[in-house]
$ cat my_file.cif   # mmCIF, C-alpha atoms
data_input
#
loop_
_atom_site.label_atom_id
_atom_site.label_comp_id
_atom_site.auth_asym_id
_atom_site.auth_seq_id
_atom_site.Cartn_x
_atom_site.Cartn_y
_atom_site.Cartn_z
CA MET A 11 -1.93 -27.88 -13.55
CA PRO A 12 -1.60 -30.58 -16.26
CA LYS A 13 0.81 -29.90 -19.09
CA PRO A 14 -0.83 -28.94 -22.43
CA THR A 15 -1.28 -31.56 -25.12
CA ASP A 16 -2.08 -31.40 -28.83
CA ARG A 17 -4.99 -33.19 -30.52
CA ASN A 18 -2.99 -36.43 -30.59
CA HIS A 19 -2.46 -36.22 -26.84
CA VAL A 20 1.24 -35.53 -27.24
CA THR A 21 2.63 -33.61 -24.27
CA LEU A 22 3.81 -30.16 -25.33
CA PRO A 23 6.73 -28.27 -23.81
CA THR A 24 5.92 -25.43 -21.46
CA ALA A 25 7.24 -21.91 -21.95
CA ARG A 26 9.62 -22.47 -19.04
CA GLU A 27 10.98 -25.66 -20.60
CA ASP A 28 11.49 -23.93 -23.94
CA ALA A 29 13.39 -21.14 -22.21
CA GLU A 30 15.61 -23.66 -20.41
CA ARG A 31 16.33 -25.48 -23.65
CA ALA A 32 17.13 -22.22 -25.43
CA ALA A 33 19.70 -21.45 -22.75
CA GLU A 34 21.43 -24.78 -23.40
CA ILE A 35 21.88 -24.27 -27.16
CA SER A 36 25.47 -23.95 -28.37
CA SER A 37 26.87 -20.44 -28.46
CA THR A 38 27.19 -19.14 -32.01
CA PRO A 39 26.93 -15.67 -33.51
CA GLN A 40 23.35 -16.51 -34.40
CA THR A 41 22.28 -17.76 -30.96
CA ARG A 42 24.05 -14.85 -29.23
CA SER A 43 22.06 -12.35 -31.27
CA ALA A 44 19.37 -10.40 -29.40
CA ALA A 45 16.99 -11.26 -32.22
CA TYR A 46 17.26 -14.96 -31.32
CA ARG A 47 16.09 -14.55 -27.73
CA LEU A 48 12.63 -15.75 -26.83
CA ALA A 49 10.55 -12.59 -26.57
CA TYR A 50 9.36 -13.30 -23.01
CA THR A 51 12.94 -13.78 -21.78
CA ASP A 52 14.32 -10.71 -23.57
CA VAL A 53 14.50 -7.97 -20.92
CA ASP A 54 15.81 -5.40 -23.39
CA PHE A 55 12.77 -6.02 -25.58
CA LEU A 56 10.36 -5.83 -22.64
CA MET A 57 11.87 -2.49 -21.59
CA ARG A 58 11.19 -0.81 -24.95
CA ASP A 59 8.70 2.06 -24.99
CA GLU A 60 6.53 0.08 -27.41
CA ALA A 61 6.21 -2.71 -24.82
CA ARG A 62 4.73 -0.42 -22.15
CA PRO A 63 1.24 -1.98 -22.53
CA LEU A 64 2.77 -5.38 -21.73
CA ARG A 65 4.47 -4.02 -18.63
CA LEU A 66 1.24 -2.41 -17.46
CA GLN A 67 -0.56 -5.72 -17.88
CA LEU A 68 2.17 -7.59 -15.99
CA GLU A 69 1.99 -5.16 -13.05
CA LEU A 70 -1.74 -5.76 -12.88
CA LEU A 71 -1.50 -9.52 -13.27
CA LYS A 72 1.44 -10.54 -11.07
CA PRO A 73 0.14 -9.14 -7.74
CA GLU A 74 -3.38 -10.32 -8.54
CA LEU A 75 -2.25 -13.92 -9.01
CA GLU A 76 -0.11 -13.81 -5.87
CA LEU A 77 -2.99 -12.40 -3.81
CA GLN A 78 -5.23 -15.18 -5.09
CA ASP A 79 -2.58 -17.78 -4.22
CA GLN A 80 -2.36 -16.35 -0.68
CA ARG A 81 -6.20 -16.45 -0.37
CA VAL A 82 -6.55 -12.70 0.24
CA GLU A 83 -10.22 -11.89 -0.25
CA SER A 84 -10.50 -8.34 1.06
CA THR A 85 -8.31 -5.61 2.49
CA ILE A 86 -8.31 -2.51 4.65
CA VAL A 87 -6.06 0.21 3.28
CA VAL A 88 -3.93 2.33 5.61
CA PHE A 89 -2.37 5.52 4.24
CA GLY A 90 -0.23 8.07 6.06
CA SER A 91 3.09 9.83 6.23
CA ALA A 92 6.40 8.01 5.94
CA ARG A 93 7.81 10.69 8.27
CA ILE A 94 5.85 9.86 11.41
CA PRO A 95 8.19 7.92 13.71
CA ASP A 96 7.85 5.19 16.28
CA PRO A 97 7.25 6.92 19.67
CA GLU A 98 10.26 5.21 21.24
CA ALA A 99 12.57 6.27 18.42
CA ALA A 100 11.13 9.79 18.51
CA ALA A 101 11.78 10.05 22.24
CA ARG A 102 15.38 8.90 21.80
CA ASN A 103 15.93 11.38 18.99
CA LEU A 104 14.65 14.22 21.15
CA VAL A 105 16.98 13.25 24.01
CA ASP A 106 19.94 13.18 21.60
CA ALA A 107 18.97 16.55 20.14
CA GLU A 108 18.63 18.13 23.57
CA ARG A 109 22.09 16.83 24.53
CA ALA A 110 23.55 18.30 21.35
CA ARG A 111 21.91 21.65 22.11
CA ALA A 112 23.21 21.60 25.68
CA ALA A 113 26.72 21.06 24.34
CA ALA A 114 26.39 24.00 21.93
CA PRO A 115 23.73 26.39 23.32
CA ALA A 116 24.54 29.11 20.77
CA ASP A 117 24.13 26.80 17.77
CA ALA A 118 20.95 27.75 15.89
CA GLN A 119 20.92 24.45 14.01
CA ALA A 120 21.02 22.51 17.26
CA GLN A 121 18.06 24.53 18.54
CA ALA A 122 16.13 23.89 15.32
CA ALA A 123 16.87 20.18 15.60
CA VAL A 124 15.32 20.11 19.07
CA GLU A 125 12.16 21.73 17.74
CA ARG A 126 11.94 19.27 14.86
CA CYS A 127 12.36 16.33 17.19
CA ARG A 128 9.78 17.71 19.59
CA ARG A 129 7.21 18.03 16.81
CA ALA A 130 8.05 14.53 15.60
CA LEU A 131 7.45 13.19 19.09
CA ASP A 132 4.08 14.97 19.19
CA ARG A 133 3.10 13.31 15.91
CA SER A 134 4.35 9.87 16.94
CA HIS A 135 1.09 9.02 18.70
CA TYR A 136 -0.33 8.43 15.22
CA TYR A 137 2.24 5.66 14.73
CA ALA A 138 1.06 3.99 17.93
CA GLU A 139 -2.59 4.36 16.89
CA ALA A 140 -1.95 2.93 13.41
CA ARG A 141 -0.16 -0.04 14.92
CA ARG A 142 -2.99 -0.63 17.40
CA PHE A 143 -5.64 -0.30 14.68
CA ALA A 144 -3.91 -2.86 12.46
CA ARG A 145 -3.56 -5.23 15.40
CA ILE A 146 -7.29 -5.01 16.17
CA VAL A 147 -8.26 -5.54 12.53
CA SER A 148 -5.85 -8.42 11.98
CA GLU A 149 -7.19 -10.40 14.93
CA GLN A 150 -10.66 -10.56 13.40
CA GLU A 151 -11.06 -12.18 10.02
CA GLN A 152 -8.04 -14.28 9.03
CA ASN A 153 -8.19 -18.06 9.14
CA ALA A 154 -6.85 -21.12 7.34
CA GLU A 155 -9.48 -20.98 4.58
CA SER A 156 -9.55 -17.29 3.75
CA ARG A 157 -7.99 -13.96 4.64
CA CYS A 158 -10.36 -11.05 4.94
CA PHE A 159 -9.75 -7.45 5.95
CA VAL A 160 -6.01 -7.84 5.43
CA ILE A 161 -4.01 -4.69 6.15
CA VAL A 162 -2.40 -3.17 3.05
CA THR A 163 0.01 -0.23 3.04
CA GLY A 164 2.43 1.48 0.70
CA GLY A 165 5.21 -0.65 2.14
CA GLY A 166 7.43 2.10 3.49
CA PRO A 167 8.34 3.53 6.91
CA GLY A 168 6.29 5.70 9.26
CA ILE A 169 2.55 5.02 9.33
CA MET A 170 2.98 2.26 6.76
CA GLU A 171 5.47 0.46 8.95
CA ALA A 172 3.21 0.91 11.97
CA ALA A 173 0.25 -0.75 10.25
CA ASN A 174 2.26 -3.70 8.92
CA ARG A 175 3.83 -4.01 12.36
CA GLY A 176 0.44 -4.17 14.06
CA ALA A 177 -0.53 -7.12 11.88
CA ALA A 178 2.77 -8.83 12.62
CA ASP A 179 2.14 -8.34 16.36
CA VAL A 180 -0.67 -10.91 16.14
CA ASP A 181 1.04 -13.19 13.57
CA ALA A 182 -1.31 -12.09 10.80
CA VAL A 183 -0.36 -11.46 7.19
CA SER A 184 -0.23 -7.97 5.73
CA ILE A 185 0.51 -6.50 2.32
CA GLY A 186 3.03 -3.88 1.21
CA LEU A 187 2.71 -2.19 -2.19
CA SER A 188 6.09 -0.53 -2.62
CA ILE A 189 7.02 1.65 -5.60
CA THR A 190 10.35 2.58 -7.14
CA LEU A 191 11.30 6.14 -6.18
CA PRO A 192 14.36 8.37 -6.78
CA HIS A 193 15.45 7.90 -3.16
CA GLU A 194 14.72 4.21 -2.82
CA GLN A 195 13.73 2.76 0.53
CA ALA A 196 13.49 -0.95 1.23
CA PRO A 197 10.13 -2.41 2.25
CA ASN A 198 9.60 -2.25 5.98
CA PRO A 199 10.46 -5.51 7.78
CA TYR A 200 6.93 -6.22 9.02
CA ILE A 201 5.33 -6.95 5.64
CA THR A 202 4.57 -10.62 4.93
CA PRO A 203 7.38 -11.52 2.48
CA GLU A 204 5.04 -13.35 0.09
CA LEU A 205 2.86 -10.20 -0.03
CA SER A 206 5.62 -7.64 -0.52
CA PHE A 207 5.18 -6.19 -4.02
CA GLN A 208 7.07 -3.57 -6.01
CA PHE A 209 5.60 -1.34 -8.71
CA HIS A 210 6.92 0.99 -11.36
CA TYR A 211 3.54 2.47 -12.34
CA PHE A 212 1.63 4.50 -9.76
CA ALA A 213 -1.62 3.84 -11.64
CA LEU A 214 -1.38 0.06 -11.28
CA ARG A 215 -0.36 0.36 -7.64
CA LYS A 216 -3.44 2.51 -6.98
CA MET A 217 -5.66 -0.06 -8.66
CA HIS A 218 -4.34 -2.78 -6.36
CA PHE A 219 -4.93 -0.61 -3.30
CA LEU A 220 -8.64 -0.46 -4.11
CA MET A 221 -9.49 -3.69 -5.94
CA ARG A 222 -10.15 -5.57 -2.68
CA ALA A 223 -10.57 -2.62 -0.33
CA LYS A 224 -13.38 -2.64 2.23
CA ALA A 225 -12.26 0.49 4.10
CA LEU A 226 -9.73 3.30 3.86
CA VAL A 227 -8.03 4.64 6.99
CA VAL A 228 -5.96 7.79 6.45
CA PHE A 229 -3.49 9.23 8.93
CA PRO A 230 -1.83 12.64 8.60
CA GLY A 231 0.48 12.79 5.61
CA GLY A 232 1.76 14.83 2.71
CA PHE A 233 1.35 14.90 -1.05
CA GLY A 234 1.19 11.12 -1.50
CA THR A 235 -1.39 10.67 1.23
CA PHE A 236 -3.52 13.51 -0.15
CA ASP A 237 -3.29 12.08 -3.66
CA GLU A 238 -4.49 8.66 -2.55
CA LEU A 239 -7.23 10.05 -0.31
CA PHE A 240 -8.76 12.38 -2.87
CA GLU A 241 -8.57 9.85 -5.69
CA THR A 242 -10.52 7.38 -3.55
CA LEU A 243 -13.11 10.02 -2.58
CA CYS A 244 -13.48 10.95 -6.26
CA LEU A 245 -14.01 7.31 -7.26
CA ILE A 246 -16.69 6.90 -4.58
CA GLN A 247 -18.31 10.24 -5.47
CA THR A 248 -18.50 9.31 -9.17
CA LYS A 249 -19.67 5.75 -8.36
CA LYS A 250 -16.66 4.10 -9.98
CA ILE A 251 -16.21 2.01 -6.83
CA ARG A 252 -18.65 0.95 -4.14
CA PRO A 253 -18.99 3.18 -1.08
CA MET A 254 -16.79 2.16 1.82
CA PRO A 255 -15.86 3.68 5.18
CA VAL A 256 -13.24 6.40 4.66
CA MET A 257 -11.86 7.58 7.99
CA LEU A 258 -9.47 10.44 8.64
CA PHE A 259 -7.45 10.09 11.84
CA GLY A 260 -6.99 13.35 13.70
CA ARG A 261 -9.72 15.92 13.04
CA ALA A 262 -7.49 18.76 14.24
CA PHE A 263 -4.86 17.98 11.60
CA TRP A 264 -7.28 17.56 8.71
CA GLU A 265 -9.37 20.63 9.45
CA ARG A 266 -6.21 22.68 9.79
CA VAL A 267 -4.75 21.67 6.43
CA ILE A 268 -7.99 21.33 4.40
CA ASP A 269 -10.97 23.66 4.67
CA PHE A 270 -13.72 21.25 3.67
CA GLU A 271 -16.43 23.78 4.46
CA ALA A 272 -14.81 26.27 2.09
CA LEU A 273 -15.07 23.70 -0.70
CA VAL A 274 -18.80 23.49 -0.03
CA ASP A 275 -19.15 27.28 0.19
CA GLU A 276 -17.35 27.66 -3.15
CA GLY A 277 -19.72 25.17 -4.73
CA VAL A 278 -16.98 22.83 -5.94
CA ILE A 279 -18.36 19.95 -3.85
CA GLY A 280 -21.82 19.38 -2.43
CA ARG A 281 -22.78 19.36 1.22
CA ASP A 282 -23.61 15.65 0.91
CA ASP A 283 -20.04 14.96 -0.26
CA LEU A 284 -18.88 15.61 3.29
CA ALA A 285 -20.62 12.37 4.22
CA LEU A 286 -18.15 10.41 2.09
CA PHE A 287 -15.68 10.45 4.99
CA SER A 288 -15.62 10.77 8.75
CA PHE A 289 -13.14 11.76 11.44
CA VAL A 290 -11.84 9.34 14.05
CA GLU A 291 -9.39 9.67 16.91
CA THR A 292 -8.84 6.11 18.13
CA ALA A 293 -8.25 2.66 16.71
CA GLU A 294 -11.35 1.37 18.49
CA ASP A 295 -13.53 4.07 16.96
CA ALA A 296 -12.28 3.29 13.45
CA TRP A 297 -12.81 -0.44 13.89
CA SER A 298 -16.30 -0.02 15.33
CA ARG A 299 -17.35 2.00 12.28
CA ILE A 300 -16.06 -0.66 9.91
CA TYR A 301 -17.81 -3.36 11.94
CA ALA A 302 -21.09 -1.45 11.90
CA HIS A 303 -20.86 -0.69 8.17
CA TYR A 304 -20.51 -4.38 7.33
CA ASP A 305 -23.01 -5.54 9.94
CA GLY A 306 -20.79 -8.03 11.69
CA LEU A 307 -18.20 -8.53 8.96
CA GLY A 308 -17.43 -11.81 7.26
CA CYS A 309 -15.72 -12.36 3.93
CA GLU A 310 -18.97 -12.14 2.06
CA SER A 311 -19.46 -8.52 3.15
#
$ encode --input "my_file.cif" --output "structure tokens"
Amino acid sequence: MPKPTDRNHVTLPTAREDAERAAEISSTPQTRSAAYRLAYTDVDFLMRDEARPLRLQLELLKPELELQDQRVESTIVVFGSARIPDPEAAARNLVDAERARAAAPADAQAQAAVERCRRALDRSHYYAEARRFARIVSEQEQNAESRCFVIVTGGGPGIMEAANRGAADVDAVSIGLSITLPHEQAPNPYITPELSFQFHYFALRKMHFLMRAKALVVFPGGFGTFDELFETLCLIQTKKIRPMPVMLFGRAFWERVIDFEALVDEGVIGRDDLALFSFVETAEDAWSRIYAHYDGLGCES
């Protein structure tokens, strides 16, 4: 991009150059004063409550510009629990727990640990399915000119890791939208580094999940997964976003934890609202529904 000029065609300094020059100015009581800092380099100023609108705008703008630079045109969102493990790790954990129980057969905590590990191993097939789904998707629509149907996750472990890992299996890019939490976890290692983002505001993170989304694939999860699922269904229901395939992996899980028919019977949703989502059991089934919805895909879909 050419540097700005004034009406006399004199080259003007950029904001970066002004900041660099300000840093080189002699240290005096005046230049050390917080008041003297350039506003856009003054972190203390940017962190003030009054500057919250600026921070909201920055969290919207920074990922958007990076996604444009990386030629990401559309995405497929994968949600699911951070607590669903890799099948191999789950199997190892169960073996370790069973050994600990064998060494202390009267220990109630050791017995409980075996049960927890056994349930985790049962759930781990969702990790494998999420990884396989992301691999199938990522083989389809990425090329040198544009990147379509790019996998995007919340950036953490569990199902999120599995989906980013599936994309990495076929050398495709994938996105991670991490968020600062009280018990911070680093982004999983399978996210494309240039597409690994961090957010403070949940609202802006949710916007970026859906701004390019062409489908939503939801694996079993907890409060965060439910929040993201129902917000998306509400936005589709109220026509705030275009309809897209919303697929829930594992009918048995979802019908056990949510009585959708009861919501209809109570009159709080309509019967036709049940058509906003569908159940799937395999990666191939989920992909075939996306393919059919977009009639052969392509970035223009």
$ atom_distance --input "my_file.cif" --atom1 "atom CA of A:Arg65" --atom2 "atom CA of A:His218"
15.2 Å
$ closest_atom_pairs --input "my_file.cif" --of "stretch 133-199 of chain A" --to "stretch 222-239 of chain A" --cutoff "8 Å" --atoms "all atoms listed in the file" --output "JSON lines"
{"residue": "A:Tyr136", "atom": "CA", "partner": "A:Phe229", "partner_atom": "CA", "distance": 7.1}
{"residue": "A:Ala140", "atom": "CA", "partner": "A:Phe229", "partner_atom": "CA", "distance": 7.9}
{"residue": "A:Phe159", "atom": "CA", "partner": "A:Lys224", "partner_atom": "CA", "distance": 7.1}
{"residue": "A:Ile169", "atom": "CA", "partner": "A:Phe229", "partner_atom": "CA", "distance": 7.4}
$ residues_around --input "my_file.cif" --residues "A:Gln80" --least-positions-apart "2" --cutoff "9 Å" --atoms "only C-alpha atoms" --output "list of chain:residue names"
A:Leu75, A:Glu76, A:Leu77, A:Gln78, A:Val82, A:Ser156, A:Arg157, A:Glu204, A:Leu205
$ atom_distance --input "my_file.cif" --atom1 "atom CA of A:Ile185" --atom2 "atom CA of A:Val162"
4.5 Å
$ closest_residue --input "my_file.cif" --among "A:Ala100, A:Cys158, A:Met217, A:Ala178" --to "A:Tyr200" --atoms "all atoms listed in the file"
A:Ala178
$ resolve_selection --input "my_file.cif" --expression "the PyMOL selection byres ((chain A and resi 280-284) around 10)" --output "MDAnalysis selection string"
chainID A and resid 243:244 246:247 270:271 273:279 285:288
$ residues_near_point --input "my_file.cif" --point "(-11.1, 10.5, 10.2)" --cutoff "6 Å" --atoms "all atoms listed in the file" --output "PyMOL selection string"
chain A and resi 257-259+288-290
$ write_last_selection --input "my_file.cif" --atoms "C-alpha atoms" --output "PDB file, in the frame of the given file"
ATOM      1  CA  MET A 257     -11.860   7.580   7.990  1.00  0.00           C
ATOM      2  CA  LEU A 258      -9.470  10.440   8.640  1.00  0.00           C
ATOM      3  CA  PHE A 259      -7.450  10.090  11.840  1.00  0.00           C
ATOM      4  CA  SER A 288     -15.620  10.770   8.750  1.00  0.00           C
ATOM      5  CA  PHE A 289     -13.140  11.760  11.440  1.00  0.00           C
ATOM      6  CA  VAL A 290     -11.840   9.340  14.050  1.00  0.00           C
TER       7      VAL A 290
END
$ resolve_selection --input "my_file.cif" --expression "the PyMOL selection byres ((chain A and resi 29) around 12)" --output "number ranges by chain"
A: 23-28, 30-35, 46-52
$ write_last_selection --input "my_file.cif" --atoms "C-alpha atoms" --output "PDB file, in the frame of the given file"
ATOM      1  CA  PRO A  23       6.730 -28.270 -23.810  1.00  0.00           C
ATOM      2  CA  THR A  24       5.920 -25.430 -21.460  1.00  0.00           C
ATOM      3  CA  ALA A  25       7.240 -21.910 -21.950  1.00  0.00           C
ATOM      4  CA  ARG A  26       9.620 -22.470 -19.040  1.00  0.00           C
ATOM      5  CA  GLU A  27      10.980 -25.660 -20.600  1.00  0.00           C
ATOM      6  CA  ASP A  28      11.490 -23.930 -23.940  1.00  0.00           C
ATOM      7  CA  GLU A  30      15.610 -23.660 -20.410  1.00  0.00           C
ATOM      8  CA  ARG A  31      16.330 -25.480 -23.650  1.00  0.00           C
ATOM      9  CA  ALA A  32      17.130 -22.220 -25.430  1.00  0.00           C
ATOM     10  CA  ALA A  33      19.700 -21.450 -22.750  1.00  0.00           C
ATOM     11  CA  GLU A  34      21.430 -24.780 -23.400  1.00  0.00           C
ATOM     12  CA  ILE A  35      21.880 -24.270 -27.160  1.00  0.00           C
ATOM     13  CA  TYR A  46      17.260 -14.960 -31.320  1.00  0.00           C
ATOM     14  CA  ARG A  47      16.090 -14.550 -27.730  1.00  0.00           C
ATOM     15  CA  LEU A  48      12.630 -15.750 -26.830  1.00  0.00           C
ATOM     16  CA  ALA A  49      10.550 -12.590 -26.570  1.00  0.00           C
ATOM     17  CA  TYR A  50       9.360 -13.300 -23.010  1.00  0.00           C
ATOM     18  CA  THR A  51      12.940 -13.780 -21.780  1.00  0.00           C
ATOM     19  CA  ASP A  52      14.320 -10.710 -23.570  1.00  0.00           C
TER      20      ASP A  52
END
$ atom_distance --input "my_file.cif" --atom1 "atom CA of A:Glu139" --atom2 "atom CA of A:Pro199"
18.7 Å
$ closest_residue --input "my_file.cif" --among "A:Val87, A:Ala113, A:Val53, A:Ala44" --to "A:Lys216" --atoms "all atoms listed in the file"
A:Val87
